[in-house]
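Below is one structure, written out as C-alpha cells; the observations come after it.
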2 protein chains.
Amino acid sequence: MRSRRQRYSDSTKRALVDVAETLFTEHGYSATSLDAIVAGADVTKGALYHHFSGKQAIFEAVFDRIESRATESIGRATEGHADPWEKATAGLHAFLEVVQEPGYRQVVISDGPAVLGLERYREREEGSAYALVDEVVRSVLARDEWALDEQMLDTFTRIFFGAMSAAGSSVAVSDDPVAAAARVDTAIGIIMEGLRHLVESGAAGSATSRT
Amino acid sequence: MRSRRQRYSDSTKRALVDVAETLFTEHGYSATSLDAIVAGADVTKGALYHHFSGKQAIFEAVFDRIESRATESIGRATEGHADPWEKATAGLHAFLEVVQEPGYRQVVISDGPAVLGLERYREREEGSAYALVDEVVRSVLARDEWALDEQMLDTFTRIFFGAMSAAGSSVAVSDDPVAAAARVDTAIGIIMEGLRHLVESGAAGSATSRT
DNA sequence: TTGAAGTACGTACCTTCGGTATGTCATTTG
DNA sequence: CAAATGACATACCGAAGGTACGTACTTCAA
C-alpha cells in the first residue's frame, strides 16, 4: 500500500487531470487558463507545477487519457472477430462512436496537432487507435498473393486512418449522426468491397508495380 | 485607380499579411506574437488593429491566402483532363505537392482546426481544395448505374479528402518524400482500381442498399 | 482656398496568463 | 528525534493580446 502522502498526492493529481479534461473539452486549450484548472481542483498553481512541468504537460496527460479510453473502446469492439472483414466493420463502428465524443474531438482532433506539434501528435497516435487500424488493415491486406511490403502496408493504414477520421468528423458535425454514420458505413463498405474483389481475384499484383 | 491613401493602406495591409505568413509558418500560431508581426512589417499595433480585429483575424487572412494558392495549384493540375480517372490522378499528385509546403502544413493542417475551431475550419475547406476533390469524386462516381444521392457523394468526398490529407501528411514527414509519394500513389491507385471494377461492372448497386 | 470630417495609423496603458522563486508544513527516514 | 524530503501555498514577474486615445495626413464640400 502506498504511503499516506503518496495517496494524497495521487488524488490531487487525478483531480487536476479531471478538471483539466472537462475544461479542455468544453473551452479548448487556449481558452482554458491554469487558474481555472487549479480553482476547479481546489488547489493552487504550486500544486499543478509540482505535478506537471507546465500547461502543455497537463494537456498531454488529458490527451493520453482520452486516447487510451478510445483505444480500449475500439479494442473491445474488434476483439473476438475471426473474419478480418467483420473485424474491420466492427472496428469502424466503434471508431465512429469514439470520434463523436466531445473530448476526443476537441482535445485529440482539434487541439492535439497544434499543441503537440504534428510530429509528436503522430507519435502519440502510433501507439493507440492507429495501432488498431493497422492491425485490421494488415489482417485484411497482408496476403501472400499480394507483394505488399511493410511500408506499403503502413501507407494503407495511414490512408484508412485518415479516411476514417474524416468520416467520423463528418458524422460528428452532422445534424443526423445516425444517418450520417449509415452513409459512412455504406461508403466504406463500397470501398472495402472493391478491395475485396481485388484481393480475392489476386488482380492487384499489377497495381503494386505501377508507377 | 485607387486613391493615394487607399494604396498606402493596401500596401501596409499586405505587408502585415506577408510577415504574418512567414512567422506563422515558421513558428506556429501561438509562438508568433503580434509585436513580432508589426515589427517585421515596420508598423505598430495600431496599424494591425486598424486592419484586423485581432490575432485570429490576421491568421484567417493568412489561412485564406495559403488555401487559395493551394486550390489554384490543384485546379491548374486537374483542368484539361478529359478522362475522370486521369483527372483524379493528376489532382492527387498536385495535392501531394501542396501538402508538403511548410505553410500549408503548419497553418492549414496543424493550427487551422485549433484556431478556427472545427466548424469554421470545415466551412473554409468547403470552398477550396475540398471543392476540387468533390468535383473529381463526382466525375468518377456519379454514374447513372449507381444510385448515389447527393449526401452519399458528399460522404465519399469527405472520406477521400481525409484519406488524401493523411496520405499527404505521411509524405510530408517522410525521410524520403519521393518514395513515400510513390507508395501513396500505388495505394490510392489500388483503391481506385477496386472502385473502378465495381463501377464498370455495375456491381455496387447492392452495396448502396446494404445496412 | 479652407475648414470640417474621416482615414490610417502611432503611443501609452491595462489585463490576463503562463511561469518562477521561495516559503512552509507535514511526512518520512536515518 | 532531528534532518531530509515531499507536497503543496503565496507572491511575484514578464510577455502578450487587446484597448483607449491622440495625431497627422487625406479627402471633400462650401
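To be explicit about the labels: the chains of the C-alpha cells are called A, B, and onward in the order shown, and within each one the residues are counted from 1, while ligands get numbers from 1 in the order they are shown.
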* To do: Within 7 Å of range 103-108 of chain A, counting only C-alpha atoms (C1' of nucleotides), which residues show up once you throw out same-chain ones fewer than 2 positions away? Write them as a VMD selection string, please.
  => chain A and resid 24 to 25 28 63 66 99 to 101 110 to 112
* Asked: Counting only C-alpha atoms (C1' of nucleotides), which residues of chain B come no farther than 10 Å from chain C, as a ChimeraX atom specification?
  -> /B:5-6,8-9,12,43-51
Could you turn the residues from that selection into a file that holds N, CA and C atoms, as an mmCIF file, in the first residue's frame?
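Printed below is part-v8.cif as written:
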data_model
loop_
_atom_site.group_PDB
_atom_site.id
_atom_site.type_symbol
_atom_site.label_atom_id
_atom_site.label_comp_id
_atom_site.auth_asym_id
_atom_site.auth_seq_id
_atom_site.Cartn_x
_atom_site.Cartn_y
_atom_site.Cartn_z
ATOM 1 N N ARG B 5 -4.331 57.423 -50.579
ATOM 2 C CA ARG B 5 -4.417 56.855 -49.228
ATOM 3 C C ARG B 5 -4.744 55.368 -49.266
ATOM 4 N N GLN B 6 -5.629 55.012 -50.197
ATOM 5 C CA GLN B 6 -6.008 53.608 -50.344
ATOM 6 C C GLN B 6 -4.798 52.740 -50.677
ATOM 7 N N TYR B 8 -1.629 53.320 -50.022
ATOM 8 C CA TYR B 8 -0.783 53.164 -48.832
ATOM 9 C C TYR B 8 -1.389 52.143 -47.872
ATOM 10 N N SER B 9 -2.676 52.280 -47.676
ATOM 11 C CA SER B 9 -3.370 51.360 -46.766
ATOM 12 C C SER B 9 -3.226 49.914 -47.223
ATOM 13 N N THR B 12 0.364 48.482 -46.600
ATOM 14 C CA THR B 12 0.662 48.104 -45.214
ATOM 15 C C THR B 12 -0.095 46.841 -44.838
ATOM 16 N N VAL B 43 5.536 48.513 -38.696
ATOM 17 C CA VAL B 43 4.430 49.375 -38.276
ATOM 18 C C VAL B 43 4.191 49.126 -36.788
ATOM 19 N N THR B 44 3.097 49.623 -36.262
ATOM 20 C CA THR B 44 2.787 49.409 -34.847
ATOM 21 C C THR B 44 1.470 48.646 -34.717
ATOM 22 N N LYS B 45 1.140 48.325 -33.482
ATOM 23 C CA LYS B 45 -0.083 47.570 -33.260
ATOM 24 C C LYS B 45 -1.322 48.360 -33.673
ATOM 25 N N GLY B 46 -1.209 49.666 -33.639
ATOM 26 C CA GLY B 46 -2.330 50.478 -34.088
ATOM 27 C C GLY B 46 -2.704 50.166 -35.527
ATOM 28 N N ALA B 47 -1.702 49.995 -36.365
ATOM 29 C CA ALA B 47 -1.965 49.671 -37.765
ATOM 30 C C ALA B 47 -2.610 48.299 -37.886
ATOM 31 N N LEU B 48 -2.067 47.338 -37.138
ATOM 32 C CA LEU B 48 -2.613 45.983 -37.222
ATOM 33 C C LEU B 48 -4.079 45.954 -36.801
ATOM 34 N N TYR B 49 -4.359 46.635 -35.680
ATOM 35 C CA TYR B 49 -5.735 46.608 -35.186
ATOM 36 C C TYR B 49 -6.655 47.513 -35.988
ATOM 37 N N HIS B 50 -6.085 48.340 -36.836
ATOM 38 C CA HIS B 50 -6.928 49.097 -37.755
ATOM 39 C C HIS B 50 -7.412 48.207 -38.903
ATOM 40 N N HIS B 51 -6.555 47.287 -39.320
ATOM 41 C CA HIS B 51 -6.906 46.442 -40.467
ATOM 42 C C HIS B 51 -7.544 45.123 -40.057
#
Hey, could you make a per-residue contact list for chain D against chain A with 12 Å as the cut-off, showing the nearest pair of atoms and its distance in Å to one decimal, counting only C-alpha atoms (C1' of nucleotides), sorted by chain and number, as CSV?
residue,atom,partner,partner_atom,distance
D:DT5,C1',A:Arg5,CA,11.5
D:DG6,C1',A:Arg5,CA,8.0
D:DA7,C1',A:Ser9,CA,7.0
D:DC8,C1',A:Ala47,CA,5.4
D:DA9,C1',A:Gly46,CA,6.5
D:DT10,C1',A:Gly46,CA,8.7
D:DA11,C1',A:Gly46,CA,11.4
* To do: Can you pull out every residue within 12 Å of Ser68 in chain B, counting only C-alpha atoms (C1' of nucleotides), but drop anything in the same chain fewer than 4 positions away, and send it as a ChimeraX atom specification?
  => /B:60-64,72-75,98,104,108,124-132
Counting only C-alpha atoms, collect the residues of chain A whose closest atom lies at most 7 Å from chain B, and write them out as a PDB file with N, CA, C and O atoms, in the first residue's frame.
ATOM      1  N   SER A 110      -8.894  18.435 -32.599  1.00  0.00           N
ATOM      2  CA  SER A 110      -8.768  19.873 -32.854  1.00  0.00           C
ATOM      3  C   SER A 110      -7.487  20.460 -32.256  1.00  0.00           C
ATOM      4  O   SER A 110      -6.673  21.041 -32.968  1.00  0.00           O
ATOM      5  N   ASP A 111      -7.311  20.297 -30.950  1.00  0.00           N
ATOM      6  CA  ASP A 111      -6.163  20.930 -30.299  1.00  0.00           C
ATOM      7  C   ASP A 111      -4.887  20.107 -30.405  1.00  0.00           C
ATOM      8  O   ASP A 111      -3.783  20.668 -30.384  1.00  0.00           O
ATOM      9  N   PRO A 113      -2.964  18.440 -32.692  1.00  0.00           N
ATOM     10  CA  PRO A 113      -1.859  18.764 -33.602  1.00  0.00           C
ATOM     11  C   PRO A 113      -1.198  20.096 -33.282  1.00  0.00           C
ATOM     12  O   PRO A 113       0.026  20.197 -33.320  1.00  0.00           O
ATOM     13  N   ALA A 114      -1.979  21.103 -32.962  1.00  0.00           N
ATOM     14  CA  ALA A 114      -1.411  22.431 -32.722  1.00  0.00           C
ATOM     15  C   ALA A 114      -0.602  22.458 -31.429  1.00  0.00           C
ATOM     16  O   ALA A 114       0.464  23.068 -31.369  1.00  0.00           O
ATOM     17  N   LEU A 118       2.864  18.502 -35.069  1.00  0.00           N
ATOM     18  CA  LEU A 118       2.460  17.388 -35.923  1.00  0.00           C
ATOM     19  C   LEU A 118       3.281  16.134 -35.659  1.00  0.00           C
ATOM     20  O   LEU A 118       2.745  15.027 -35.669  1.00  0.00           O
ATOM     21  N   MET A 152       4.368  -0.328 -47.577  1.00  0.00           N
ATOM     22  CA  MET A 152       3.106  -0.198 -48.294  1.00  0.00           C
ATOM     23  C   MET A 152       1.930  -0.422 -47.360  1.00  0.00           C
ATOM     24  O   MET A 152       0.922   0.281 -47.415  1.00  0.00           O
ATOM     25  N   THR A 155       1.463   2.599 -45.429  1.00  0.00           N
ATOM     26  CA  THR A 155       0.806   3.631 -46.233  1.00  0.00           C
ATOM     27  C   THR A 155      -0.705   3.406 -46.268  1.00  0.00           C
ATOM     28  O   THR A 155      -1.494   4.345 -46.112  1.00  0.00           O
ATOM     29  N   PHE A 156      -1.096   2.168 -46.467  1.00  0.00           N
ATOM     30  CA  PHE A 156      -2.525   1.855 -46.460  1.00  0.00           C
ATOM     31  C   PHE A 156      -3.167   2.212 -45.123  1.00  0.00           C
ATOM     32  O   PHE A 156      -4.258   2.774 -45.075  1.00  0.00           O
ATOM     33  N   ARG A 158      -2.214   4.457 -42.982  1.00  0.00           N
ATOM     34  CA  ARG A 158      -2.324   5.912 -42.901  1.00  0.00           C
ATOM     35  C   ARG A 158      -3.537   6.424 -43.667  1.00  0.00           C
ATOM     36  O   ARG A 158      -4.292   7.260 -43.205  1.00  0.00           O
ATOM     37  N   ILE A 159      -3.699   5.906 -44.849  1.00  0.00           N
ATOM     38  CA  ILE A 159      -4.798   6.360 -45.701  1.00  0.00           C
ATOM     39  C   ILE A 159      -6.142   6.012 -45.072  1.00  0.00           C
ATOM     40  O   ILE A 159      -7.046   6.842 -45.001  1.00  0.00           O
ATOM     41  N   PHE A 160      -6.264   4.796 -44.584  1.00  0.00           N
ATOM     42  CA  PHE A 160      -7.527   4.400 -43.984  1.00  0.00           C
ATOM     43  C   PHE A 160      -7.788   5.150 -42.682  1.00  0.00           C
ATOM     44  O   PHE A 160      -8.919   5.515 -42.384  1.00  0.00           O
ATOM     45  N   GLY A 162      -6.792   8.155 -41.974  1.00  0.00           N
ATOM     46  CA  GLY A 162      -7.227   9.497 -42.361  1.00  0.00           C
ATOM     47  C   GLY A 162      -8.647   9.494 -42.879  1.00  0.00           C
ATOM     48  O   GLY A 162      -9.446  10.371 -42.540  1.00  0.00           O
ATOM     49  N   ALA A 163      -8.969   8.494 -43.662  1.00  0.00           N
ATOM     50  CA  ALA A 163     -10.320   8.393 -44.198  1.00  0.00           C
ATOM     51  C   ALA A 163     -11.338   8.250 -43.070  1.00  0.00           C
ATOM     52  O   ALA A 163     -12.384   8.889 -43.058  1.00  0.00           O
ATOM     53  N   MET A 164     -11.001   7.410 -42.092  1.00  0.00           N
ATOM     54  CA  MET A 164     -11.941   7.176 -41.002  1.00  0.00           C
ATOM     55  C   MET A 164     -12.051   8.391 -40.097  1.00  0.00           C
ATOM     56  O   MET A 164     -13.127   8.696 -39.576  1.00  0.00           O
ATOM     57  N   SER A 165     -10.951   9.091 -39.906  1.00  0.00           N
ATOM     58  CA  SER A 165     -11.019  10.310 -39.102  1.00  0.00           C
ATOM     59  C   SER A 165     -11.935  11.328 -39.749  1.00  0.00           C
ATOM     60  O   SER A 165     -12.809  11.913 -39.095  1.00  0.00           O
ATOM     61  N   ALA A 166     -11.748  11.518 -41.044  1.00  0.00           N
ATOM     62  CA  ALA A 166     -12.601  12.468 -41.760  1.00  0.00           C
ATOM     63  C   ALA A 166     -14.042  12.008 -41.746  1.00  0.00           C
ATOM     64  O   ALA A 166     -14.972  12.802 -41.541  1.00  0.00           O
ATOM     65  N   ALA A 167     -14.233  10.712 -41.938  1.00  0.00           N
ATOM     66  CA  ALA A 167     -15.592  10.179 -41.922  1.00  0.00           C
ATOM     67  C   ALA A 167     -16.228  10.392 -40.553  1.00  0.00           C
ATOM     68  O   ALA A 167     -17.369  10.849 -40.444  1.00  0.00           O
ATOM     69  N   ARG A 183     -24.350   6.334 -43.797  1.00  0.00           N
ATOM     70  CA  ARG A 183     -23.749   6.665 -45.090  1.00  0.00           C
ATOM     71  C   ARG A 183     -22.258   6.330 -45.105  1.00  0.00           C
ATOM     72  O   ARG A 183     -21.738   5.788 -46.079  1.00  0.00           O
ATOM     73  N   VAL A 184     -21.586   6.662 -44.009  1.00  0.00           N
ATOM     74  CA  VAL A 184     -20.163   6.329 -43.922  1.00  0.00           C
ATOM     75  C   VAL A 184     -19.982   4.820 -44.024  1.00  0.00           C
ATOM     76  O   VAL A 184     -19.104   4.318 -44.727  1.00  0.00           O
ATOM     77  N   THR A 186     -21.872   2.725 -45.518  1.00  0.00           N
ATOM     78  CA  THR A 186     -22.080   2.311 -46.909  1.00  0.00           C
ATOM     79  C   THR A 186     -20.867   2.630 -47.772  1.00  0.00           C
ATOM     80  O   THR A 186     -20.380   1.787 -48.535  1.00  0.00           O
ATOM     81  N   ALA A 187     -20.371   3.852 -47.623  1.00  0.00           N
ATOM     82  CA  ALA A 187     -19.248   4.285 -48.464  1.00  0.00           C
ATOM     83  C   ALA A 187     -18.012   3.430 -48.219  1.00  0.00           C
ATOM     84  O   ALA A 187     -17.398   2.907 -49.154  1.00  0.00           O
ATOM     85  N   GLY A 189     -18.006   0.571 -46.937  1.00  0.00           N
ATOM     86  CA  GLY A 189     -18.357  -0.770 -47.390  1.00  0.00           C
ATOM     87  C   GLY A 189     -18.076  -0.942 -48.870  1.00  0.00           C
ATOM     88  O   GLY A 189     -17.555  -1.967 -49.304  1.00  0.00           O
ATOM     89  N   ILE A 190     -18.430   0.068 -49.645  1.00  0.00           N
ATOM     90  CA  ILE A 190     -18.181   0.002 -51.092  1.00  0.00           C
ATOM     91  C   ILE A 190     -16.690  -0.054 -51.384  1.00  0.00           C
ATOM     92  O   ILE A 190     -16.220  -0.874 -52.179  1.00  0.00           O
ATOM     93  N   ILE A 191     -15.946   0.805 -50.710  1.00  0.00           N
ATOM     94  CA  ILE A 191     -14.503   0.827 -50.937  1.00  0.00           C
ATOM     95  C   ILE A 191     -13.879  -0.523 -50.575  1.00  0.00           C
ATOM     96  O   ILE A 191     -13.062  -1.082 -51.306  1.00  0.00           O
ATOM     97  N   GLY A 194     -14.640  -3.153 -53.096  1.00  0.00           N
ATOM     98  CA  GLY A 194     -13.754  -3.048 -54.241  1.00  0.00           C
ATOM     99  C   GLY A 194     -12.419  -3.695 -53.962  1.00  0.00           C
ATOM    100  O   GLY A 194     -11.891  -4.477 -54.762  1.00  0.00           O
ATOM    101  N   LEU A 195     -11.869  -3.423 -52.795  1.00  0.00           N
ATOM    102  CA  LEU A 195     -10.589  -4.021 -52.416  1.00  0.00           C
ATOM    103  C   LEU A 195     -10.711  -5.533 -52.316  1.00  0.00           C
ATOM    104  O   LEU A 195      -9.833  -6.281 -52.742  1.00  0.00           O
ATOM    105  N   HIS A 197     -12.665  -7.526 -53.870  1.00  0.00           N
ATOM    106  CA  HIS A 197     -12.651  -8.151 -55.187  1.00  0.00           C
ATOM    107  C   HIS A 197     -11.229  -8.310 -55.699  1.00  0.00           C
ATOM    108  O   HIS A 197     -10.860  -9.356 -56.217  1.00  0.00           O
ATOM    109  N   LEU A 198     -10.460  -7.236 -55.521  1.00  0.00           N
ATOM    110  CA  LEU A 198      -9.072  -7.303 -55.981  1.00  0.00           C
ATOM    111  C   LEU A 198      -8.298  -8.383 -55.234  1.00  0.00           C
ATOM    112  O   LEU A 198      -7.551  -9.165 -55.831  1.00  0.00           O
ATOM    113  N   ALA A 204      -4.375  -7.596 -57.934  1.00  0.00           N
ATOM    114  CA  ALA A 204      -3.711  -6.363 -57.513  1.00  0.00           C
ATOM    115  C   ALA A 204      -2.210  -6.386 -57.732  1.00  0.00           C
ATOM    116  O   ALA A 204      -1.541  -5.397 -57.527  1.00  0.00           O
ATOM    117  N   ALA A 207      -1.193  -3.740 -59.865  1.00  0.00           N
ATOM    118  CA  ALA A 207      -1.308  -2.402 -59.305  1.00  0.00           C
ATOM    119  C   ALA A 207      -0.082  -2.042 -58.469  1.00  0.00           C
ATOM    120  O   ALA A 207       0.336  -0.895 -58.434  1.00  0.00           O
ATOM    121  N   THR A 208       0.488  -3.019 -57.803  1.00  0.00           N
ATOM    122  CA  THR A 208       1.626  -2.726 -56.934  1.00  0.00           C
ATOM    123  C   THR A 208       2.868  -2.386 -57.734  1.00  0.00           C
ATOM    124  O   THR A 208       3.801  -1.815 -57.212  1.00  0.00           O
ATOM    125  N   ARG A 210       2.757  -0.642 -60.583  1.00  0.00           N
ATOM    126  CA  ARG A 210       2.574   0.528 -61.440  1.00  0.00           C
ATOM    127  C   ARG A 210       3.475   1.651 -60.958  1.00  0.00           C
ATOM    128  O   ARG A 210       4.107   1.560 -59.919  1.00  0.00           O
TER     129      ARG A 210
END
* **Residues of range 49-199 of chain A in helix (DSSP H, G or I), written as a ChimeraX atom specification** => /A:49-51,55-78,84-98,102-116,118-126,129-141,150-172,177-199
* **Distance of CA of Arg120 in chain B from CA of Ala94 in chain B, expressed in Å to one decimal place** =>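 That distance, rounded to one decimal, is 24.8 Å.
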Near-range 15-19 of chain D list (8 Å; only C-alpha atoms (C1' of nucleotides); drop same-chain fewer than 3 positions) as a compact mmCIF listing (two decimals) with N, CA, C and O atoms (P, O5', C5', C4', C3', O3' and C1' of nucleotides), in the first residue's frame:
# COMPACT_ATOMS: atom_id res chain seq x y z
N SER B 33 4.06 36.33 -31.92
CA SER B 33 3.43 37.45 -31.22
C SER B 33 3.06 38.56 -32.19
O SER B 33 3.70 38.72 -33.24
N LEU B 34 2.06 39.30 -31.84
CA LEU B 34 1.67 40.44 -32.67
C LEU B 34 2.79 41.47 -32.73
O LEU B 34 2.97 42.13 -33.76
N GLY B 54 -8.12 41.36 -34.72
CA GLY B 54 -7.31 40.72 -33.69
C GLY B 54 -6.39 39.68 -34.29
O GLY B 54 -6.22 39.61 -35.51
N LYS B 55 -5.76 38.92 -33.43
CA LYS B 55 -4.78 37.94 -33.90
C LYS B 55 -5.44 36.87 -34.76
O LYS B 55 -4.90 36.47 -35.79
P DC C 14 -2.62 52.01 -16.69
O5' DC C 14 -3.67 50.84 -16.85
C5' DC C 14 -4.80 51.01 -17.70
C4' DC C 14 -5.37 49.66 -18.08
C3' DC C 14 -5.28 48.63 -16.94
O3' DC C 14 -6.57 48.09 -16.69
C1' DC C 14 -4.38 47.75 -18.96
* Atomic separation - CA of Arg138 in chain B relative to CA of Gly91 in chain B, Å ->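 That distance, rounded to one decimal, is 13.4 Å.
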